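Listing of start_27.txt, compact mmCIF, C-alpha atoms
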```txt
# COMPACT_ATOMS: atom_id res chain seq x y z
CA MET A 1 47.84 -3.91 31.47
CA GLU A 2 44.46 -4.87 32.87
CA PRO A 3 41.83 -5.82 30.28
CA PRO A 4 38.97 -3.38 29.82
CA PRO A 5 35.74 -4.06 31.72
CA SER A 6 33.60 -6.59 29.87
CA PRO A 7 30.18 -5.52 28.59
CA GLN A 8 28.62 -8.18 30.83
CA THR A 9 29.79 -6.45 34.00
CA ASN A 10 29.91 -2.76 33.12
CA GLU A 11 26.67 -1.14 32.02
CA SER A 12 27.75 2.39 32.88
CA ARG A 13 29.68 2.91 29.65
CA PRO A 14 28.19 2.93 26.14
CA PHE A 15 28.04 -0.38 24.32
CA GLY A 16 30.58 -0.29 21.49
CA TRP A 17 29.73 -1.84 18.13
CA GLY A 18 32.16 -2.76 15.38
CA ILE A 19 30.60 -3.04 11.91
CA VAL A 20 31.94 -5.26 9.14
CA GLY A 21 30.88 -3.83 5.79
CA THR A 22 29.82 -0.42 4.54
CA GLY A 23 26.71 -1.16 2.48
CA VAL A 24 23.16 0.10 2.84
CA ILE A 25 22.20 -2.18 5.73
CA ALA A 26 25.40 -1.29 7.61
CA ARG A 27 24.55 2.40 7.31
CA GLN A 28 20.98 1.81 8.44
CA PHE A 29 22.22 -0.13 11.45
CA ALA A 30 24.67 2.60 12.39
CA GLU A 31 21.92 5.21 12.15
CA ASP A 32 19.44 3.13 14.16
CA LEU A 33 21.97 2.62 16.96
CA LYS A 34 21.18 6.20 17.93
CA LEU A 35 17.77 4.82 18.98
CA ALA A 36 19.12 1.74 20.79
CA GLY A 37 19.98 3.20 24.16
CA LYS A 38 23.51 3.82 25.32
CA ALA A 39 25.29 2.41 22.27
CA SER A 40 27.37 3.62 19.36
CA VAL A 41 29.55 2.49 16.47
CA VAL A 42 33.20 2.65 17.48
CA ALA A 43 34.86 0.96 14.50
CA VAL A 44 34.24 -0.25 10.95
CA SER A 45 36.16 -2.63 8.72
CA SER A 46 36.04 -3.25 4.99
CA ARG A 47 38.40 -4.68 2.41
CA ASP A 48 37.75 -1.39 0.61
CA VAL A 49 39.75 0.81 2.96
CA ILE A 50 38.68 3.98 1.15
CA GLY A 51 35.06 3.00 1.67
CA ALA A 52 35.74 2.23 5.33
CA LYS A 53 37.34 5.63 5.87
CA ARG A 54 34.46 7.37 4.11
CA PHE A 55 31.98 5.47 6.31
CA ALA A 56 33.96 6.45 9.42
CA ASP A 57 34.14 10.09 8.37
CA GLU A 58 30.39 10.22 7.79
CA LEU A 59 29.69 8.88 11.28
CA GLY A 60 32.48 10.85 12.90
CA GLY A 61 34.79 9.76 15.68
CA ILE A 62 35.12 6.08 14.76
CA ARG A 63 38.10 4.06 13.59
CA ALA A 64 38.36 2.53 10.11
CA TYR A 65 40.20 -0.72 9.42
CA GLN A 66 40.90 -2.66 6.25
CA GLU A 67 41.47 -5.97 8.03
CA LEU A 68 38.88 -7.63 10.24
CA ASP A 69 41.62 -8.77 12.63
CA ALA A 70 42.41 -5.14 13.38
CA LEU A 71 38.80 -4.42 14.30
CA LEU A 72 38.69 -7.55 16.46
CA ASN A 73 41.77 -6.33 18.34
CA ASP A 74 40.05 -3.02 19.10
CA ARG A 75 39.36 -3.17 22.84
CA SER A 76 36.45 -0.75 22.59
CA VAL A 77 34.43 -3.17 20.42
CA ASP A 78 31.92 -5.03 22.60
CA ALA A 79 30.13 -6.79 19.72
CA VAL A 80 30.48 -7.14 15.97
CA TYR A 81 27.73 -6.63 13.41
CA VAL A 82 28.60 -8.62 10.27
CA ALA A 83 27.03 -6.84 7.29
CA SER A 84 29.28 -8.06 4.50
CA PRO A 85 28.16 -10.01 1.39
CA ASN A 86 26.28 -13.23 2.16
CA GLN A 87 29.06 -15.65 1.27
CA LEU A 88 31.37 -14.05 3.88
CA HIS A 89 28.95 -14.12 6.82
CA ALA A 90 29.84 -17.49 8.34
CA GLU A 91 33.60 -17.11 7.91
CA GLN A 92 33.68 -13.63 9.43
CA ALA A 93 31.30 -14.62 12.22
CA ILE A 94 33.55 -17.51 13.25
CA GLN A 95 36.63 -15.29 13.03
CA SER A 96 34.95 -12.80 15.35
CA ILE A 97 33.78 -15.48 17.76
CA GLU A 98 37.24 -17.02 17.99
CA ALA A 99 38.55 -13.56 18.89
CA GLY A 100 36.05 -13.48 21.75
CA LYS A 101 33.68 -10.95 20.18
CA PRO A 102 29.89 -11.48 20.33
CA VAL A 103 28.35 -11.35 16.86
CA LEU A 104 25.13 -10.20 15.25
CA VAL A 105 25.20 -11.57 11.70
CA GLU A 106 23.05 -10.07 8.97
CA LYS A 107 20.62 -12.51 7.39
CA PRO A 108 21.19 -15.04 6.11
CA LEU A 109 23.64 -15.95 8.84
CA ALA A 110 25.15 -18.43 6.37
CA VAL A 111 24.37 -19.66 2.88
CA THR A 112 24.11 -23.29 4.03
CA SER A 113 22.75 -24.95 7.16
CA ALA A 114 26.11 -26.70 7.66
CA ASP A 115 27.88 -23.34 7.78
CA ALA A 116 25.27 -22.01 10.21
CA GLU A 117 25.79 -25.03 12.45
CA ALA A 118 29.54 -24.35 12.37
CA VAL A 119 28.98 -20.74 13.48
CA PHE A 120 26.86 -21.73 16.46
CA ALA A 121 29.14 -24.64 17.35
CA SER A 122 32.02 -22.17 17.52
CA ALA A 123 29.94 -19.79 19.62
CA PHE A 124 28.98 -22.47 22.15
CA ARG A 125 32.51 -23.88 22.22
CA ASN A 126 34.05 -20.47 22.87
CA GLY A 127 31.30 -19.22 25.19
CA VAL A 128 30.46 -16.27 22.92
CA PHE A 129 27.06 -14.87 21.93
CA ALA A 130 25.93 -15.28 18.30
CA MET A 131 22.63 -14.37 16.62
CA GLU A 132 21.23 -13.96 13.14
CA ALA A 133 19.98 -10.42 12.50
CA MET A 134 16.38 -11.42 11.81
CA TRP A 135 15.28 -7.96 12.85
CA SER A 136 11.62 -8.34 11.86
CA ARG A 137 11.01 -10.63 14.83
CA PHE A 138 11.67 -7.72 17.17
CA LEU A 139 9.24 -5.24 15.62
CA PRO A 140 6.41 -4.17 17.95
CA ALA A 141 3.75 -5.16 15.39
CA VAL A 142 5.24 -8.65 15.03
CA GLU A 143 5.46 -9.08 18.80
CA ALA A 144 1.81 -8.05 19.06
CA ALA A 145 0.83 -10.49 16.30
CA LYS A 146 2.51 -13.41 18.04
CA ALA A 147 0.90 -12.43 21.35
CA ALA A 148 -2.54 -12.28 19.70
CA ILE A 149 -2.08 -15.72 18.13
CA ASP A 150 -0.80 -17.23 21.38
CA ALA A 151 -3.78 -15.71 23.23
CA GLY A 152 -6.22 -17.39 20.85
CA ALA A 153 -7.53 -14.14 19.38
CA ILE A 154 -8.24 -15.82 16.03
CA GLY A 155 -8.93 -19.30 17.36
CA ARG A 156 -7.05 -22.32 16.09
CA VAL A 157 -4.74 -21.38 13.22
CA THR A 158 -5.77 -23.07 9.98
CA SER A 159 -3.64 -21.39 7.32
CA VAL A 160 -0.84 -18.92 6.75
CA SER A 161 -0.13 -16.95 3.60
CA ALA A 162 2.78 -14.60 2.96
CA GLU A 163 4.59 -13.16 -0.01
CA LEU A 164 7.73 -11.08 -0.31
CA ALA A 165 8.63 -10.19 -3.88
CA TYR A 166 10.30 -7.26 -5.62
CA ARG A 167 10.85 -7.16 -9.36
CA MET A 168 14.51 -6.98 -10.33
CA GLU A 169 16.12 -7.04 -13.74
CA GLU A 170 18.37 -10.05 -13.99
CA ASP A 171 21.98 -8.94 -13.76
CA ALA A 172 24.73 -11.54 -13.55
CA ASP A 173 27.01 -9.04 -11.81
CA SER A 174 24.47 -8.25 -9.08
CA ARG A 175 24.85 -9.93 -5.70
CA PHE A 176 21.17 -10.90 -5.96
CA PHE A 177 21.84 -13.13 -8.97
CA ASP A 178 25.46 -14.21 -8.45
CA PRO A 179 25.67 -17.72 -6.92
CA ALA A 180 29.23 -17.04 -5.76
CA LEU A 181 27.91 -14.17 -3.63
CA GLY A 182 25.13 -16.19 -2.02
CA GLY A 183 22.46 -14.77 -4.31
CA GLY A 184 18.92 -15.92 -4.94
CA ALA A 185 15.44 -14.94 -3.86
CA ALA A 186 15.19 -17.48 -1.05
CA LEU A 187 18.32 -16.31 0.79
CA ASP A 188 17.59 -12.64 0.21
CA LEU A 189 13.79 -12.52 0.65
CA GLY A 190 12.43 -15.95 1.51
CA VAL A 191 14.15 -16.05 4.87
CA TYR A 192 11.74 -13.36 6.10
CA PRO A 193 8.40 -15.18 5.74
CA LEU A 194 10.03 -18.48 6.66
CA SER A 195 11.55 -17.04 9.81
CA LEU A 196 8.31 -15.38 10.92
CA ALA A 197 6.38 -18.61 10.36
CA VAL A 198 8.90 -20.59 12.42
CA PHE A 199 8.85 -17.85 15.08
CA MET A 200 5.08 -18.06 15.42
CA PHE A 201 4.45 -21.78 14.92
CA GLY A 202 7.71 -23.68 15.40
CA GLU A 203 9.53 -25.87 12.91
CA PRO A 204 7.36 -27.25 10.08
CA ASP A 205 6.10 -30.82 10.20
CA ALA A 206 6.03 -31.16 6.41
CA ILE A 207 7.95 -29.35 3.66
CA ASP A 208 7.16 -29.07 -0.02
CA GLY A 209 7.53 -26.43 -2.71
CA ASN A 210 9.25 -25.51 -5.94
CA TRP A 211 11.59 -22.96 -7.44
CA ARG A 212 12.41 -21.30 -10.72
CA ALA A 213 15.94 -20.60 -11.86
CA ALA A 214 17.45 -17.40 -13.17
CA ARG A 215 19.95 -17.69 -16.01
CA THR A 216 22.75 -17.58 -13.45
CA GLY A 217 21.40 -20.66 -11.67
CA VAL A 218 20.12 -19.00 -8.50
CA ASP A 219 16.42 -19.03 -7.73
CA SER A 220 14.44 -16.12 -9.14
CA ARG A 221 11.32 -17.39 -7.37
CA THR A 222 10.71 -19.95 -4.64
CA ASP A 223 7.36 -21.14 -3.28
CA PHE A 224 7.15 -22.95 0.04
CA ASN A 225 4.24 -25.20 1.02
CA LEU A 226 4.60 -26.08 4.68
CA ARG A 227 2.51 -27.70 7.38
CA PHE A 228 2.60 -26.64 11.01
CA GLY A 229 0.44 -29.11 12.90
CA GLU A 230 -3.03 -28.70 11.36
CA ALA A 231 -2.16 -25.39 9.68
CA GLU A 232 -1.06 -25.12 6.05
CA ALA A 233 1.35 -22.33 5.07
CA ASP A 234 1.88 -20.99 1.55
CA LEU A 235 4.90 -18.70 1.46
CA SER A 236 6.46 -17.18 -1.63
CA CYS A 237 9.39 -14.97 -2.57
CA GLY A 238 10.81 -13.74 -5.82
CA PHE A 239 12.60 -11.24 -8.01
CA ASP A 240 10.10 -11.91 -10.82
CA ARG A 241 7.27 -9.58 -9.75
CA ASP A 242 6.19 -7.01 -7.21
CA GLY A 243 4.21 -8.84 -4.55
CA ASP A 244 1.58 -7.61 -2.11
CA ASN A 245 4.12 -8.38 0.65
CA ALA A 246 1.64 -8.95 3.48
CA PHE A 247 1.72 -11.70 6.11
CA ARG A 248 -1.69 -13.23 6.85
CA VAL A 249 -2.79 -15.78 9.42
CA PHE A 250 -6.27 -17.31 9.30
CA GLY A 251 -7.94 -19.12 12.17
CA THR A 252 -11.22 -20.73 13.09
CA GLU A 253 -12.45 -17.48 14.69
CA GLY A 254 -10.78 -14.75 12.69
CA ALA A 255 -7.73 -13.55 10.82
CA LEU A 256 -4.64 -11.46 11.38
CA VAL A 257 -2.69 -9.30 8.93
CA LEU A 258 0.73 -7.69 9.23
CA SER A 259 0.63 -4.72 6.89
CA PRO A 260 2.91 -4.66 3.84
CA PRO A 261 5.77 -4.76 3.63
CA PHE A 262 5.52 -7.10 6.60
CA LEU A 263 9.29 -7.36 7.08
CA LYS A 264 9.10 -3.83 8.53
CA ALA A 265 5.43 -3.85 9.53
CA GLN A 266 4.12 -0.86 11.43
CA ARG A 267 0.48 -1.92 11.50
CA LEU A 268 -1.40 -4.99 12.72
CA SER A 269 -5.05 -5.75 11.97
CA VAL A 270 -6.99 -8.50 13.72
CA PHE A 271 -10.42 -9.62 12.55
CA GLY A 272 -12.83 -11.68 14.63
CA PRO A 273 -15.12 -11.75 17.67
CA ALA A 274 -12.26 -11.78 20.17
CA THR A 275 -10.88 -8.42 19.03
CA SER A 276 -12.67 -6.60 21.83
CA ARG A 277 -10.28 -8.26 24.27
CA LEU A 278 -7.15 -7.11 22.47
CA PRO A 279 -5.17 -4.28 24.10
CA PHE A 280 -5.28 -2.13 20.98
CA ALA A 281 -5.68 1.61 21.06
CA GLY A 282 -8.77 1.40 18.87
CA ALA A 283 -9.90 0.78 15.34
CA ARG A 284 -8.22 2.63 12.49
CA SER A 285 -9.03 2.84 8.79
CA ASP A 286 -9.87 -0.42 7.02
CA LEU A 287 -7.39 -2.25 4.85
CA ALA A 288 -7.46 -1.27 1.21
CA GLY A 289 -6.96 -3.28 -1.95
CA PRO A 290 -7.68 -6.93 -2.77
CA LEU A 291 -6.71 -8.14 0.71
CA GLY A 292 -9.15 -5.77 2.35
CA LYS A 293 -11.92 -6.87 -0.02
CA LEU A 294 -11.21 -10.51 0.77
CA LEU A 295 -11.30 -10.03 4.51
CA SER A 296 -14.39 -7.84 4.34
CA ARG A 297 -16.30 -10.80 2.90
CA LEU A 298 -15.37 -13.10 5.75
CA PRO A 299 -17.93 -13.55 8.56
CA LEU A 300 -15.84 -11.64 11.06
CA PRO A 301 -17.88 -9.31 13.26
CA GLY A 302 -14.92 -7.48 14.80
CA ARG A 303 -12.04 -5.59 13.25
CA ARG A 304 -9.36 -3.83 15.23
CA SER A 305 -6.17 -2.31 13.97
CA GLN A 306 -3.23 -0.76 15.70
CA ASN A 307 -0.41 1.33 14.35
CA PHE A 308 3.02 0.46 15.70
CA GLU A 309 5.00 3.28 14.17
CA PHE A 310 8.65 3.67 15.04
CA PRO A 311 11.47 6.01 14.03
CA GLY A 312 14.36 4.81 11.92
CA SER A 313 14.52 1.59 9.92
CA GLY A 314 13.60 -0.74 12.78
CA LEU A 315 17.05 -2.22 13.43
CA GLN A 316 17.27 -0.60 16.86
CA PHE A 317 15.07 -3.28 18.42
CA GLU A 318 17.40 -6.17 17.57
CA ALA A 319 20.44 -4.09 18.58
CA ARG A 320 18.93 -3.38 21.99
CA HIS A 321 18.15 -7.08 22.42
CA VAL A 322 21.72 -8.09 21.60
CA GLN A 323 23.15 -5.51 23.98
CA GLN A 324 21.01 -6.84 26.82
CA ALA A 325 21.81 -10.46 25.97
CA VAL A 326 25.56 -9.84 25.83
CA ARG A 327 25.55 -7.92 29.10
CA SER A 328 23.65 -10.77 30.75
CA GLY A 329 26.15 -13.36 29.53
CA ALA A 330 23.76 -15.20 27.19
CA LEU A 331 25.22 -17.36 24.41
CA GLN A 332 22.20 -17.19 22.12
CA SER A 333 19.03 -15.19 21.67
CA SER A 334 15.71 -16.21 23.18
CA ILE A 335 13.95 -14.58 20.19
CA VAL A 336 16.18 -15.82 17.34
CA PRO A 337 17.72 -19.04 18.69
CA ALA A 338 20.27 -21.03 16.74
CA SER A 339 17.76 -23.80 16.04
CA ASP A 340 15.43 -21.42 14.18
CA THR A 341 18.17 -20.04 11.95
CA ILE A 342 19.30 -23.56 11.04
CA ALA A 343 15.71 -24.75 10.48
CA VAL A 344 14.99 -21.96 7.98
CA LEU A 345 18.12 -22.76 5.96
CA LYS A 346 17.22 -26.45 5.92
CA VAL A 347 13.78 -25.65 4.50
CA ILE A 348 15.42 -23.64 1.70
CA GLU A 349 17.89 -26.44 1.00
CA ARG A 350 15.09 -29.01 0.92
CA ILE A 351 13.23 -27.09 -1.79
CA ARG A 352 16.37 -26.17 -3.75
CA SER A 353 17.51 -29.81 -3.78
CA ALA A 354 14.77 -30.60 -6.32
CA PRO A 355 15.09 -29.62 -9.99
CA ALA A 356 13.90 -26.14 -10.90
CA ARG A 357 10.51 -25.70 -12.52
CA ASP A 358 10.39 -24.77 -16.19
```

Please express the file's structure as structure tokens.
Amino acid sequence: MEPPPSPQTNESRPFGWGIVGTGVIARQFAEDLKLAGKASVVAVSSRDVIGAKRFADELGGIRAYQELDALLNDRSVDAVYVASPNQLHAEQAIQSIEAGKPVLVEKPLAVTSADAEAVFASAFRNGVFAMEAMWSRFLPAVEAAKAAIDAGAIGRVTSVSAELAYRMEEDADSRFFDPALGGGAALDLGVYPLSLAVFMFGEPDAIDGNWRAARTGVDSRTDFNLRFGEAEADLSCGFDRDGDNAFRVFGTEGALVLSPPFLKAQRLSVFGPATSRLPFAGARSDLAGPLGKLLSRLPLPGRRSQNFEFPGSGLQFEARHVQQAVRSGALQSSIVPASDTIAVLKVIERIRSAPARD
């Protein structure tokens, strides 16, 4: 029997996704695929076969498997989205790659930089696409923010400040606090501000910070103090409080703010004299709260904001990117390259290698 047409050479048929896992993010991804062009979920796998069948029934018309190997043998699967618990990501990604299936791996791609390196080494060795699902990089507001910074809209960048924190009651049975499940604030939340900072400014030149331990041993809070050239970055994540969850960049001629929660930002505000040159649709209402009060005191004559609203959860943008990359024969993403994923994990490991703060 002839093999089915590869996704690289046949764009006339829908792109078929296989999903590993049936949790919240897997369901959001499946729903957002309806917004990602000619693509659909064709199969799902989970060790909980009842959960897999329920997931398949809810979507309708897709196959449910208990074993990942069965999904990987499904000829209609053009790429695999790994949305299982953190500690399984690297193993299942490599298993998929060795079966010849391109993979999009939910963040963190692995719980250690060594495991991430192994995933990408397998991908390059087998000639198969692999990418971490750092979906925030693909949001229109984030793309606009990077373009504004690169265009010099706020001058030379001097500092970066970002926080992502949600209060959670400590529960040893929760994946967020279980070290065996790849828990901890840095792997669950800290990867977002770290990844955006690396996306915008490259790998850090200097790394410092500290962390606080939960009773289970994972980090309940981690603070990162990084230097990118002449710019200082203070990034923080935690389960110990509810943060303001904005991403701010300050420069010699202005400032830029991705509205909270920045990981799914739908609004960008730029402050400074160069705002008149930005291709924004026009000024909107001012920022509220402490951040707005702070920026209002800065000597910034211009203020322009743009809404970048989108339907769904925002996962459609990364899905569309992967589909295009796979069809073109790429082995890694131009937006989330392997080096960035590994760099972020190494920053986390550097901070976590020191004793926890009291």

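Minimum distance to Leu68 of chain A across A:Ala110, A:Val49, A:Val20, A:Ala186 (counting only C-alpha atoms) occurs at A:Val20.
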
Report task. Mind checking which residues fall within 9 Å of Val128 of chain A, counting all atoms listed in the file, ignoring those fewer than 5 positions away in the same chain, and posting them as a PyMOL selection string? Result -> chain A and resi 97-98+100-103+122-123+326+329-332

Requested in this report: Do a neighbour search on Val82 of chain A at 8 Å with only C-alpha atoms, toss out local chain neighbours closer than 4 positions, and write the hits as a ChimeraX atom specification.
Outcome: /A:19-21,89,92-93,103-106

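Applying the 10 Å criterion to (0.0, -8.5, -1.4) in file coordinates and using all atoms listed in the file, one obtains the residues Ser161, Ala162, Glu163, Leu164, Ala165, Asp242, Gly243, Asp244, Asn245, Ala246, Phe247, Arg248, Ser259, Pro260, Pro261, Phe262, Gly289, Pro290 and Leu291 of chain A.
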
Query raised in the report: Using all atoms listed in the file, which residues sit within 8 Å of segment 235-238 of chain A once same-chain residues fewer than 3 positions away are excluded, as a PyMOL selection string?
Result: chain A and resi 160-167+185-186+189-190+193-194+219-225+241

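Of the residues under consideration (A:Leu256, A:Val44, A:Leu33, A:Val336), A:Leu256 shows the shortest atom-to-atom contact distance to Gly152 of chain A when counting all atoms listed in the file.
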
Closest contacts (segment 65-174 of chain A/segment 317-323 of chain A, max 12 Å, all atoms listed in the file) as a tab-separated table:
```
residue	atom	partner	partner_atom	distance
A:Asp78	CA	A:Gln323	CA	8.9
A:Ala79	CA	A:Gln323	CA	8.3
A:Val80	CA	A:Val322	CA	10.5
A:Tyr81	CA	A:Ala319	CA	9.3
A:Pro102	CA	A:Val322	CA	8.9
A:Val103	CA	A:Val322	CA	8.8
A:Leu104	CA	A:Val322	CA	7.5
A:Val105	CA	A:Val322	CA	11.1
A:Glu106	CA	A:Glu318	CA	11.0
A:Phe129	CA	A:Val322	CA	8.6
A:Ala130	CA	A:Val322	CA	9.0
A:Met131	CA	A:Val322	CA	8.1
A:Glu132	CA	A:Glu318	CA	9.7
A:Ala133	CA	A:Glu318	CA	7.1
A:Met134	CA	A:Glu318	CA	7.9
A:Trp135	CA	A:Glu318	CA	5.5
A:Ser136	CA	A:Glu318	CA	8.4
A:Arg137	CA	A:Glu318	CA	8.3
A:Phe138	CA	A:Phe317	CA	5.7
A:Leu139	CA	A:Phe317	CA	6.8
A:Pro140	CA	A:Phe317	CA	8.7
A:Ala141	CA	A:Phe317	CA	11.9
A:Val142	CA	A:Phe317	CA	11.7
A:Glu143	CA	A:Phe317	CA	11.2
```

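The interatomic distance for the pair atom CA of Ala56 of chain A and atom CA of Gly183 of chain A works out to 27.8 Å.
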
Env of segment 26-32 of chain A: 6 Å cut, atoms = all atoms listed in the file, seq-sep filter 5 positions within chain, self excluded. Answer as a JSON list (two decimals) with C-alpha atoms, keeping the file's coordinate frame.
```
[["chain", "number", "residue", "atom", "x", "y", "z"],
["A", 83, "ALA", "CA", 27.03, -6.84, 7.29],
["A", 312, "GLY", "CA", 14.36, 4.81, 11.92],
["A", 315, "LEU", "CA", 17.05, -2.22, 13.43],
["A", 316, "GLN", "CA", 17.27, -0.60, 16.86]]
```

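Our summary of the geometry notes that atom CA of Ala43 of chain A is positioned 25.3 Å from atom CA of Phe124 of chain A.
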